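*Asks:* Dropping in structure_20.pdb, which is PDB, C-alpha atoms, pLDDT in the B column:
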```pdb
ATOM      1  CA  MET A   1     -47.034  37.117 -36.950  1.00 72.00           C
ATOM      2  CA  THR A   2     -43.487  36.250 -37.969  1.00 88.00           C
ATOM      3  CA  TYR A   3     -41.393  35.858 -41.074  1.00 93.00           C
ATOM      4  CA  CYS A   4     -38.355  33.587 -41.111  1.00 95.00           C
ATOM      5  CA  LEU A   5     -36.441  32.467 -44.190  1.00 97.00           C
ATOM      6  CA  GLY A   6     -33.655  30.031 -44.967  1.00 98.00           C
ATOM      7  CA  ILE A   7     -31.777  29.895 -48.289  1.00 98.00           C
ATOM      8  CA  LYS A   8     -29.400  27.044 -49.162  1.00 98.00           C
ATOM      9  CA  VAL A   9     -27.015  27.651 -52.049  1.00 97.00           C
ATOM     10  CA  ASN A  10     -23.781  25.929 -53.017  1.00 97.00           C
ATOM     11  CA  GLN A  11     -21.631  28.345 -51.030  1.00 97.00           C
ATOM     12  CA  GLY A  12     -23.626  28.059 -47.822  1.00 97.00           C
ATOM     13  CA  ILE A  13     -26.848  28.859 -46.001  1.00 98.00           C
ATOM     14  CA  VAL A  14     -28.473  32.205 -45.228  1.00 98.00           C
ATOM     15  CA  MET A  15     -31.007  32.592 -42.409  1.00 98.00           C
ATOM     16  CA  VAL A  16     -33.053  35.707 -41.701  1.00 98.00           C
ATOM     17  CA  SER A  17     -35.798  36.449 -39.177  1.00 96.00           C
ATOM     18  CA  ASP A  18     -37.768  39.377 -37.860  1.00 92.00           C
ATOM     19  CA  SER A  19     -38.250  40.054 -34.143  1.00 88.00           C
ATOM     20  CA  ARG A  20     -41.770  41.412 -33.776  1.00 77.00           C
ATOM     21  CA  THR A  21     -44.072  39.468 -31.455  1.00 73.00           C
ATOM     22  CA  SER A  22     -47.033  41.852 -31.260  1.00 59.00           C
ATOM     23  CA  ALA A  23     -48.144  45.051 -32.927  1.00 45.00           C
ATOM     24  CA  GLY A  24     -50.957  47.369 -31.947  1.00 47.00           C
ATOM     25  CA  VAL A  25     -51.774  51.029 -31.857  1.00 42.00           C
ATOM     26  CA  ASP A  26     -50.019  51.514 -28.534  1.00 50.00           C
ATOM     27  CA  ASN A  27     -48.090  48.270 -28.047  1.00 52.00           C
ATOM     28  CA  ILE A  28     -45.250  46.976 -30.192  1.00 58.00           C
ATOM     29  CA  SER A  29     -42.951  44.347 -28.681  1.00 66.00           C
ATOM     30  CA  SER A  30     -40.086  42.279 -30.019  1.00 71.00           C
ATOM     31  CA  TYR A  31     -38.354  39.007 -29.212  1.00 84.00           C
ATOM     32  CA  SER A  32     -35.459  37.347 -31.007  1.00 90.00           C
ATOM     33  CA  LYS A  33     -36.538  34.389 -33.146  1.00 93.00           C
ATOM     34  CA  MET A  34     -33.050  33.209 -34.070  1.00 96.00           C
ATOM     35  CA  TRP A  35     -30.670  31.035 -32.034  1.00 97.00           C
ATOM     36  CA  ARG A  36     -27.177  29.812 -32.895  1.00 97.00           C
ATOM     37  CA  TYR A  37     -25.341  26.831 -31.440  1.00 97.00           C
ATOM     38  CA  GLY A  38     -22.182  24.996 -32.334  1.00 95.00           C
ATOM     39  CA  VAL A  39     -18.718  23.681 -31.661  1.00 96.00           C
ATOM     40  CA  PRO A  40     -16.177  25.339 -33.986  1.00 96.00           C
ATOM     41  CA  GLY A  41     -14.629  22.821 -36.343  1.00 96.00           C
ATOM     42  CA  GLN A  42     -17.233  20.165 -35.484  1.00 97.00           C
ATOM     43  CA  ARG A  43     -20.793  21.435 -35.941  1.00 97.00           C
ATOM     44  CA  GLN A  44     -22.847  24.588 -36.375  1.00 98.00           C
ATOM     45  CA  PHE A  45     -26.603  25.213 -36.184  1.00 98.00           C
ATOM     46  CA  VAL A  46     -28.984  28.120 -36.674  1.00 98.00           C
ATOM     47  CA  ILE A  47     -32.626  27.828 -35.558  1.00 97.00           C
ATOM     48  CA  CYS A  48     -35.474  30.204 -36.406  1.00 97.00           C
ATOM     49  CA  ALA A  49     -39.026  29.908 -35.076  1.00 95.00           C
ATOM     50  CA  ALA A  50     -42.527  31.068 -35.956  1.00 93.00           C
ATOM     51  CA  GLY A  51     -45.602  30.493 -33.834  1.00 89.00           C
ATOM     52  CA  ASN A  52     -46.625  30.532 -30.199  1.00 88.00           C
ATOM     53  CA  LEU A  53     -44.023  32.304 -28.071  1.00 88.00           C
ATOM     54  CA  ALA A  54     -44.539  30.094 -25.008  1.00 88.00           C
ATOM     55  CA  THR A  55     -43.947  26.971 -27.087  1.00 91.00           C
ATOM     56  CA  THR A  56     -40.906  28.537 -28.705  1.00 92.00           C
ATOM     57  CA  GLN A  57     -39.371  29.372 -25.348  1.00 92.00           C
ATOM     58  CA  ALA A  58     -40.083  25.884 -24.010  1.00 92.00           C
ATOM     59  CA  VAL A  59     -38.414  24.255 -27.027  1.00 95.00           C
ATOM     60  CA  ILE A  60     -35.328  26.469 -26.897  1.00 96.00           C
ATOM     61  CA  THR A  61     -35.017  25.967 -23.138  1.00 95.00           C
ATOM     62  CA  GLN A  62     -35.073  22.179 -23.629  1.00 96.00           C
ATOM     63  CA  VAL A  63     -32.540  22.350 -26.460  1.00 97.00           C
ATOM     64  CA  GLU A  64     -30.151  24.383 -24.321  1.00 97.00           C
ATOM     65  CA  THR A  65     -30.741  22.189 -21.266  1.00 97.00           C
ATOM     66  CA  ASP A  66     -29.919  19.044 -23.260  1.00 97.00           C
ATOM     67  CA  ILE A  67     -26.679  20.631 -24.454  1.00 97.00           C
ATOM     68  CA  ALA A  68     -25.699  21.852 -20.971  1.00 96.00           C
ATOM     69  CA  LYS A  69     -26.480  18.547 -19.261  1.00 97.00           C
ATOM     70  CA  VAL A  70     -24.794  16.458 -21.986  1.00 96.00           C
ATOM     71  CA  ALA A  71     -27.982  14.536 -22.712  1.00 96.00           C
ATOM     72  CA  PRO A  72     -27.711  11.334 -24.815  1.00 96.00           C
ATOM     73  CA  VAL A  73     -29.542  13.124 -27.646  1.00 97.00           C
ATOM     74  CA  SER A  74     -28.890  16.804 -28.285  1.00 97.00           C
ATOM     75  CA  LEU A  75     -27.591  19.090 -30.990  1.00 97.00           C
ATOM     76  CA  ASN A  76     -24.114  18.159 -29.763  1.00 97.00           C
ATOM     77  CA  THR A  77     -24.633  14.410 -30.283  1.00 97.00           C
ATOM     78  CA  VAL A  78     -26.682  13.989 -33.479  1.00 97.00           C
ATOM     79  CA  ALA A  79     -24.711  12.694 -36.459  1.00 95.00           C
ATOM     80  CA  THR A  80     -26.627  14.352 -39.295  1.00 95.00           C
ATOM     81  CA  LEU A  81     -28.880  17.327 -39.933  1.00 96.00           C
ATOM     82  CA  ALA A  82     -31.782  14.934 -40.478  1.00 96.00           C
ATOM     83  CA  GLU A  83     -31.259  13.566 -36.967  1.00 97.00           C
ATOM     84  CA  ALA A  84     -31.136  17.124 -35.651  1.00 97.00           C
ATOM     85  CA  ALA A  85     -34.445  17.891 -37.385  1.00 97.00           C
ATOM     86  CA  ALA A  86     -36.045  14.770 -35.915  1.00 97.00           C
ATOM     87  CA  TYR A  87     -34.785  15.688 -32.453  1.00 98.00           C
ATOM     88  CA  LEU A  88     -36.122  19.243 -32.708  1.00 97.00           C
ATOM     89  CA  GLY A  89     -39.460  17.901 -33.950  1.00 96.00           C
ATOM     90  CA  LYS A  90     -39.825  15.629 -30.903  1.00 96.00           C
ATOM     91  CA  VAL A  91     -38.951  18.451 -28.527  1.00 96.00           C
ATOM     92  CA  ASN A  92     -41.492  20.672 -30.278  1.00 94.00           C
ATOM     93  CA  VAL A  93     -44.324  18.131 -29.970  1.00 93.00           C
ATOM     94  CA  LYS A  94     -43.523  17.505 -26.310  1.00 92.00           C
ATOM     95  CA  ALA A  95     -43.466  21.224 -25.531  1.00 91.00           C
ATOM     96  CA  GLN A  96     -46.852  21.750 -27.159  1.00 89.00           C
ATOM     97  CA  LYS A  97     -48.444  18.934 -25.166  1.00 84.00           C
ATOM     98  CA  SER A  98     -46.821  19.249 -21.757  1.00 79.00           C
ATOM     99  CA  ASN A  99     -45.982  22.938 -21.460  1.00 64.00           C
ATOM    100  CA  THR A 100     -48.912  24.664 -23.146  1.00 56.00           C
ATOM    101  CA  GLY A 101     -51.698  22.077 -23.357  1.00 63.00           C
ATOM    102  CA  GLY A 102     -51.558  21.627 -27.130  1.00 64.00           C
ATOM    103  CA  GLY A 103     -53.953  22.799 -29.809  1.00 66.00           C
ATOM    104  CA  PRO A 104     -53.623  25.122 -32.810  1.00 68.00           C
ATOM    105  CA  LEU A 105     -53.081  28.209 -30.655  1.00 73.00           C
ATOM    106  CA  PHE A 106     -49.876  26.745 -29.261  1.00 84.00           C
ATOM    107  CA  GLU A 107     -48.335  25.408 -32.472  1.00 89.00           C
ATOM    108  CA  CYS A 108     -44.841  26.373 -33.559  1.00 92.00           C
ATOM    109  CA  THR A 109     -42.739  25.678 -36.649  1.00 95.00           C
ATOM    110  CA  PHE A 110     -38.981  25.862 -36.971  1.00 97.00           C
ATOM    111  CA  LEU A 111     -36.278  26.335 -39.559  1.00 98.00           C
ATOM    112  CA  LEU A 112     -33.049  24.473 -38.836  1.00 98.00           C
ATOM    113  CA  ALA A 113     -29.825  25.054 -40.753  1.00 98.00           C
ATOM    114  CA  GLY A 114     -26.352  23.772 -40.138  1.00 97.00           C
ATOM    115  CA  GLU A 115     -23.512  21.423 -40.869  1.00 97.00           C
ATOM    116  CA  ILE A 116     -21.856  18.558 -38.988  1.00 97.00           C
ATOM    117  CA  LEU A 117     -18.326  17.265 -39.552  1.00 96.00           C
ATOM    118  CA  GLY A 118     -18.494  14.218 -41.818  1.00 93.00           C
ATOM    119  CA  SER A 119     -21.991  15.068 -43.045  1.00 91.00           C
ATOM    120  CA  SER A 120     -23.274  17.518 -45.632  1.00 90.00           C
ATOM    121  CA  ASN A 121     -24.943  20.758 -44.597  1.00 95.00           C
ATOM    122  CA  GLY A 122     -28.715  21.100 -44.699  1.00 96.00           C
ATOM    123  CA  LEU A 123     -31.767  23.275 -44.283  1.00 98.00           C
ATOM    124  CA  TYR A 124     -34.953  21.831 -42.759  1.00 98.00           C
ATOM    125  CA  LEU A 125     -38.472  22.988 -41.961  1.00 98.00           C
ATOM    126  CA  ILE A 126     -39.889  21.271 -38.858  1.00 97.00           C
ATOM    127  CA  TYR A 127     -43.689  21.320 -38.608  1.00 95.00           C
ATOM    128  CA  SER A 128     -45.717  21.570 -35.410  1.00 92.00           C
ATOM    129  CA  GLU A 129     -46.579  17.856 -35.745  1.00 93.00           C
ATOM    130  CA  GLY A 130     -42.881  16.989 -35.485  1.00 93.00           C
ATOM    131  CA  ASN A 131     -42.335  15.912 -39.098  1.00 96.00           C
ATOM    132  CA  TYR A 132     -40.007  17.816 -41.398  1.00 97.00           C
ATOM    133  CA  ILE A 133     -38.903  18.502 -44.969  1.00 97.00           C
ATOM    134  CA  ALA A 134     -35.529  19.510 -46.389  1.00 97.00           C
ATOM    135  CA  ALA A 135     -34.633  22.185 -48.901  1.00 96.00           C
ATOM    136  CA  SER A 136     -33.894  20.636 -52.294  1.00 92.00           C
ATOM    137  CA  ASN A 137     -32.146  21.481 -55.545  1.00 90.00           C
ATOM    138  CA  GLN A 138     -35.542  22.340 -56.992  1.00 91.00           C
ATOM    139  CA  LYS A 139     -36.525  24.502 -54.010  1.00 91.00           C
ATOM    140  CA  PRO A 140     -33.409  25.865 -52.308  1.00 96.00           C
ATOM    141  CA  PHE A 141     -35.291  28.044 -49.827  1.00 97.00           C
ATOM    142  CA  LEU A 142     -37.799  27.443 -47.017  1.00 97.00           C
ATOM    143  CA  GLN A 143     -40.074  29.929 -45.230  1.00 96.00           C
ATOM    144  CA  VAL A 144     -42.215  29.993 -42.097  1.00 94.00           C
ATOM    145  CA  GLY A 145     -44.719  32.535 -40.855  1.00 90.00           C
ATOM    146  CA  GLU A 146     -45.950  35.313 -43.146  1.00 89.00           C
ATOM    147  CA  THR A 147     -44.470  33.860 -46.349  1.00 90.00           C
ATOM    148  CA  LYS A 148     -46.478  35.252 -49.265  1.00 92.00           C
ATOM    149  CA  TYR A 149     -45.095  38.785 -49.566  1.00 91.00           C
ATOM    150  CA  GLY A 150     -41.433  37.802 -49.662  1.00 92.00           C
ATOM    151  CA  LYS A 151     -41.742  34.768 -51.932  1.00 95.00           C
ATOM    152  CA  PRO A 152     -41.924  36.330 -55.446  1.00 94.00           C
ATOM    153  CA  ILE A 153     -38.353  37.637 -55.420  1.00 94.00           C
ATOM    154  CA  LEU A 154     -37.064  34.302 -54.118  1.00 96.00           C
ATOM    155  CA  ASP A 155     -38.779  32.448 -56.963  1.00 95.00           C
ATOM    156  CA  ARG A 156     -37.158  34.759 -59.514  1.00 94.00           C
ATOM    157  CA  VAL A 157     -33.650  35.064 -58.082  1.00 94.00           C
ATOM    158  CA  ILE A 158     -32.592  32.094 -55.953  1.00 96.00           C
ATOM    159  CA  VAL A 159     -30.898  29.068 -57.550  1.00 96.00           C
ATOM    160  CA  LEU A 160     -28.168  26.799 -56.200  1.00 96.00           C
ATOM    161  CA  GLU A 161     -25.528  28.780 -58.095  1.00 97.00           C
ATOM    162  CA  THR A 162     -26.531  32.119 -56.550  1.00 97.00           C
ATOM    163  CA  PRO A 163     -23.495  33.602 -54.721  1.00 97.00           C
ATOM    164  CA  ILE A 164     -24.051  33.601 -50.991  1.00 97.00           C
ATOM    165  CA  GLU A 165     -23.670  37.387 -50.771  1.00 96.00           C
ATOM    166  CA  SER A 166     -26.449  37.772 -53.351  1.00 97.00           C
ATOM    167  CA  ALA A 167     -28.571  35.250 -51.453  1.00 97.00           C
ATOM    168  CA  ALA A 168     -28.157  37.331 -48.294  1.00 97.00           C
ATOM    169  CA  LEU A 169     -29.214  40.511 -50.105  1.00 96.00           C
ATOM    170  CA  CYS A 170     -32.191  38.677 -51.611  1.00 96.00           C
ATOM    171  CA  ALA A 171     -33.189  37.484 -48.135  1.00 97.00           C
ATOM    172  CA  LEU A 172     -33.134  41.040 -46.807  1.00 96.00           C
ATOM    173  CA  VAL A 173     -35.173  42.354 -49.738  1.00 96.00           C
ATOM    174  CA  SER A 174     -37.655  39.513 -49.186  1.00 96.00           C
ATOM    175  CA  MET A 175     -37.904  40.521 -45.530  1.00 94.00           C
ATOM    176  CA  ASP A 176     -38.324  44.195 -46.403  1.00 92.00           C
ATOM    177  CA  ALA A 177     -41.174  43.369 -48.787  1.00 92.00           C
ATOM    178  CA  THR A 178     -42.905  41.489 -45.993  1.00 92.00           C
ATOM    179  CA  ILE A 179     -42.409  44.304 -43.469  1.00 89.00           C
ATOM    180  CA  ARG A 180     -43.823  46.818 -45.927  1.00 88.00           C
ATOM    181  CA  SER A 181     -46.982  44.753 -46.485  1.00 88.00           C
ATOM    182  CA  ASN A 182     -47.599  43.409 -42.976  1.00 86.00           C
ATOM    183  CA  LEU A 183     -47.504  45.465 -39.773  1.00 78.00           C
ATOM    184  CA  THR A 184     -47.066  42.351 -37.619  1.00 80.00           C
ATOM    185  CA  VAL A 185     -43.595  41.672 -39.086  1.00 86.00           C
ATOM    186  CA  GLY A 186     -40.881  44.080 -38.042  1.00 85.00           C
ATOM    187  CA  PRO A 187     -37.333  44.785 -36.870  1.00 88.00           C
ATOM    188  CA  PRO A 188     -34.851  44.132 -35.472  1.00 92.00           C
ATOM    189  CA  ILE A 189     -33.937  41.919 -38.426  1.00 94.00           C
ATOM    190  CA  GLU A 190     -31.411  39.159 -37.745  1.00 96.00           C
ATOM    191  CA  LEU A 191     -29.221  37.646 -40.470  1.00 97.00           C
ATOM    192  CA  ALA A 192     -26.897  34.643 -40.141  1.00 97.00           C
ATOM    193  CA  ILE A 193     -24.628  33.185 -42.810  1.00 98.00           C
ATOM    194  CA  LEU A 194     -22.983  29.736 -42.593  1.00 97.00           C
ATOM    195  CA  GLU A 195     -20.378  29.069 -45.273  1.00 97.00           C
ATOM    196  CA  THR A 196     -20.212  25.510 -46.594  1.00 97.00           C
ATOM    197  CA  GLY A 197     -17.376  23.420 -45.196  1.00 95.00           C
ATOM    198  CA  THR A 198     -16.032  25.928 -42.674  1.00 96.00           C
ATOM    199  CA  LEU A 199     -17.840  24.574 -39.589  1.00 96.00           C
ATOM    200  CA  GLN A 200     -17.432  28.013 -38.028  1.00 96.00           C
ATOM    201  CA  PRO A 201     -20.106  30.285 -36.486  1.00 95.00           C
ATOM    202  CA  GLY A 202     -20.073  32.346 -39.673  1.00 95.00           C
ATOM    203  CA  TYR A 203     -21.477  35.842 -39.883  1.00 96.00           C
ATOM    204  CA  TYR A 204     -24.236  37.392 -37.818  1.00 97.00           C
ATOM    205  CA  TYR A 205     -25.904  40.785 -38.169  1.00 95.00           C
ATOM    206  CA  SER A 206     -28.785  42.529 -36.416  1.00 94.00           C
ATOM    207  CA  TYR A 207     -30.466  45.461 -38.140  1.00 93.00           C
ATOM    208  CA  SER A 208     -32.647  47.984 -36.327  1.00 90.00           C
ATOM    209  CA  ASP A 209     -35.367  49.891 -38.140  1.00 83.00           C
ATOM    210  CA  ASP A 210     -33.106  52.926 -38.544  1.00 87.00           C
ATOM    211  CA  ASP A 211     -30.020  50.953 -39.604  1.00 91.00           C
ATOM    212  CA  GLU A 212     -28.221  52.881 -42.350  1.00 94.00           C
ATOM    213  CA  PHE A 213     -27.421  49.834 -44.492  1.00 93.00           C
ATOM    214  CA  LEU A 214     -30.987  48.535 -44.338  1.00 90.00           C
ATOM    215  CA  ARG A 215     -32.364  51.990 -45.125  1.00 91.00           C
ATOM    216  CA  ASP A 216     -30.047  52.368 -48.136  1.00 93.00           C
ATOM    217  CA  LEU A 217     -30.895  48.870 -49.364  1.00 92.00           C
ATOM    218  CA  ARG A 218     -34.613  49.639 -49.173  1.00 89.00           C
ATOM    219  CA  SER A 219     -34.156  52.931 -51.012  1.00 92.00           C
ATOM    220  CA  SER A 220     -31.991  51.377 -53.723  1.00 93.00           C
ATOM    221  CA  TRP A 221     -34.428  48.532 -54.292  1.00 91.00           C
ATOM    222  CA  ASP A 222     -37.391  50.911 -54.562  1.00 91.00           C
ATOM    223  CA  SER A 223     -35.526  53.064 -57.072  1.00 93.00           C
ATOM    224  CA  LEU A 224     -34.414  50.097 -59.189  1.00 92.00           C
ATOM    225  CA  MET A 225     -37.939  48.660 -59.184  1.00 89.00           C
ATOM    226  CA  GLN A 226     -39.329  51.954 -60.468  1.00 92.00           C
ATOM    227  CA  GLN A 227     -36.649  52.142 -63.154  1.00 93.00           C
ATOM    228  CA  ALA A 228     -37.338  48.577 -64.271  1.00 92.00           C
ATOM    229  CA  PHE A 229     -41.055  49.270 -64.499  1.00 89.00           C
ATOM    230  CA  GLN A 230     -40.473  52.353 -66.627  1.00 91.00           C
ATOM    231  CA  GLN A 231     -38.364  50.288 -69.046  1.00 91.00           C
ATOM    232  CA  LEU A 232     -41.016  47.642 -69.693  1.00 89.00           C
ATOM    233  CA  GLN A 233     -42.050  47.354 -73.335  1.00 88.00           C
ATOM    234  CA  PRO A 234     -45.363  49.020 -74.142  1.00 85.00           C
ATOM    235  CA  LEU A 235     -48.546  47.097 -74.693  1.00 82.00           C
ATOM    236  CA  PRO A 236     -48.736  45.764 -78.277  1.00 81.00           C
ATOM    237  CA  TRP A 237     -52.042  47.425 -79.014  1.00 73.00           C
ATOM    238  CA  GLN A 238     -53.622  50.833 -79.027  1.00 69.00           C
ATOM    239  CA  PRO A 239     -56.860  51.532 -77.188  1.00 66.00           C
ATOM    240  CA  THR A 240     -59.797  52.077 -79.513  1.00 68.00           C
ATOM    241  CA  ARG A 241     -62.734  54.337 -79.064  1.00 68.00           C
ATOM    242  CA  ALA A 242     -65.854  52.495 -77.940  1.00 68.00           C
ATOM    243  CA  PRO A 243     -68.659  52.615 -80.524  1.00 74.00           C
ATOM    244  CA  ALA A 244     -71.379  55.178 -79.887  1.00 72.00           C
ATOM    245  CA  PRO A 245     -74.563  53.712 -78.375  1.00 76.00           C
ATOM    246  CA  PRO A 246     -77.449  53.324 -80.815  1.00 77.00           C
ATOM    247  CA  VAL A 247     -79.941  56.186 -81.008  1.00 73.00           C
ATOM    248  CA  SER A 248     -83.284  55.170 -79.664  1.00 68.00           C
ATOM    249  CA  GLN A 249     -86.304  55.647 -81.900  1.00 65.00           C
ATOM    250  CA  SER A 250     -89.194  57.501 -80.338  1.00 57.00           C
TER
END
```
Using structure tokens, write down the structure that the file contains.
*Replies:*
Amino acid sequence: MTYCLGIKVNQGIVMVSDSRTSAGVDNISSYSKMWRYGVPGQRQFVICAAGNLATTQAVITQVETDIAKVAPVSLNTVATLAEAAAYLGKVNVKAQKSNTGGGPLFECTFLLAGEILGSSNGLYLIYSEGNYIAASNQKPFLQVGETKYGKPILDRVIVLETPIESAALCALVSMDATIRSNLTVGPPIELAILETGTLQPGYYYSYSDDDEFLRDLRSSWDSLMQQAFQQLQPLPWQPTRAPAPPVSQS
């Protein structure tokens, strides 16, 4: 299983992904699920993937081949993020059908974030069928993979006005919550930040399981959660003693 997350706030876009591809008693393997492409000053993209690894590799190979061979349609030629999402959706559908034979076992979904000169930035979720949706003002984050454990904090914290540094911290806490609850999601954790309007590669970090910052963040969050729980107001009622059962008459 996988967990990938994109957050779009006014200051930019945050992308985070885990790297675990399998987990068993004696076999844990990892594979990067984040790719970055761009031309500084013109366009920048970050792609994250969840699903069948063979399909993922086929899609990324095609994307990179189209860029290298200067294909008529590629991430270097699309004019908007919506066009980029449509392009990635078509490549995804083709890869599922021609490279893996298709079917639910070979499905893959993608998160695409980026910005193109002359067009606004965007965050898209591309489904295995090739269609896509965009993050909105009402829902400024999108998730793929094992989404349920990391969603509660996003619902409570993320709004368009959230500073991008806070959005990045929220993304990491969301990832940590997922790792704690699901063995099939795990490090290394990759984080990418694209600042609105810069059209530069932005910031990229990779955190191993024993990374000091990630360990301190996890410890601080656990401590603050415990403190917050202890400060909750008490229940507005007192438990009462249950009435004694009636005495049976012999």
*Asks:* Provide the atom CA of A:Leu105 to atom CA of A:Met1 distance in Å, to one decimal place.
*Replies:*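 Result for atom CA of A:Leu105 versus atom CA of A:Met1: 12.5 Å, one decimal.
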*Asks:* Which is closer to A:Ala177 than all the others in A:Ala82, A:Leu125, A:Arg156, A:Tyr3, using only C-alpha atoms?
*Replies:*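 Ranking A:Ala82, A:Leu125, A:Arg156, A:Tyr3 by distance to A:Ala177, first place goes to A:Tyr3.
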*Asks:* Write out as a PyMOL selection string which residues come within 9 Å of A:Leu172 when counting only C-alpha atoms, dropping same-chain ones fewer than 3 positions away.
*Replies:* chain A and resi 16+167-169+175-177+189+191+214+217
*Asks:* Could you put an axis-aligned box around every listed atom of stretch 174-193 of chain A, padded by 4 Å on each side, and send me its centre and edge lengths in Å to one decimal, as lines of an AutoDock Vina configuration file?
*Replies:*
```
center_x = -36.1
center_y = 40.0
center_z = -42.3
size_x = 31.0
size_y = 21.6
size_z = 21.7
```
*Asks:* I need the residue nearest A:Tyr124 from this list: A:Tyr31, A:Phe106, A:Tyr207, A:Phe45. Use only C-alpha atoms for the distance.
*Replies:* A:Phe45
*Asks:* Show me, as number ranges by chain, the residues that have an atom within 8 Å of stretch 178-187 of chain A when counting only C-alpha atoms, minus same-chain residues fewer than 2 positions from it.
*Replies:* A: 1-3, 18-23, 30, 146-150, 174-176, 189, 207-209
*Asks:* Counting only C-alpha atoms, figure out which residue out of A:Ile133, A:Val247, A:Leu199, A:Val70 gets nearest to A:Leu117.
*Replies:*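 Comparing A:Ile133, A:Val247, A:Leu199, A:Val70 against A:Leu117, the winner is A:Leu199.
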*Asks:* Evaluate the PyMOL selection byres ((chain A and resi 13) around 8) and record the selected residues as a list in words, following the chain and residue labels used in the document.
*Replies:*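 For this structure, the PyMOL selection byres ((chain A and resi 13) around 8) resolves to Gly6, Ile7, Lys8, Val9, Gln11, Gly12, Val14, Met15, Ala113, Gly114, Leu123, Ile164, Ile193, Leu194, Glu195 and Thr196 of chain A.
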*Asks:* Take the residues from that selection and write them out as a CSV table (one decimal), in the coordinates of the input, keeping C-alpha atoms.
*Replies:*
```csv
chain,number,residue,atom,x,y,z
A,6,GLY,CA,-33.7,30.0,-45.0
A,7,ILE,CA,-31.8,29.9,-48.3
A,8,LYS,CA,-29.4,27.0,-49.2
A,9,VAL,CA,-27.0,27.7,-52.0
A,11,GLN,CA,-21.6,28.3,-51.0
A,12,GLY,CA,-23.6,28.1,-47.8
A,14,VAL,CA,-28.5,32.2,-45.2
A,15,MET,CA,-31.0,32.6,-42.4
A,113,ALA,CA,-29.8,25.1,-40.8
A,114,GLY,CA,-26.4,23.8,-40.1
A,123,LEU,CA,-31.8,23.3,-44.3
A,164,ILE,CA,-24.1,33.6,-51.0
A,193,ILE,CA,-24.6,33.2,-42.8
A,194,LEU,CA,-23.0,29.7,-42.6
A,195,GLU,CA,-20.4,29.1,-45.3
A,196,THR,CA,-20.2,25.5,-46.6
```
*Asks:* List the spatial neighbours of A:Ile67 as JSON, numbers by chain - criterion: any atom at most 7 Å away, all atoms listed in the file, same-chain residues fewer than 5 positions off excluded.
*Replies:* {"A": [74, 75, 76]}
*Asks:* Using only C-alpha atoms, please write the residues we just selected to a file, as a CSV table (one decimal), in the coordinates of the input.
*Replies:*
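File produced: again.csv:
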```
chain,number,residue,atom,x,y,z
A,74,SER,CA,-28.9,16.8,-28.3
A,75,LEU,CA,-27.6,19.1,-31.0
A,76,ASN,CA,-24.1,18.2,-29.8
```
*Asks:* Let me know the residues the PyMOL selection byres ((chain A and resi 115) around 6) catches in the file above, as a list in words.
*Replies:*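 Output from the PyMOL selection byres ((chain A and resi 115) around 6), applied to this file: Arg43, Gln44, Gly114, Ile116 and Asn121 of chain A.
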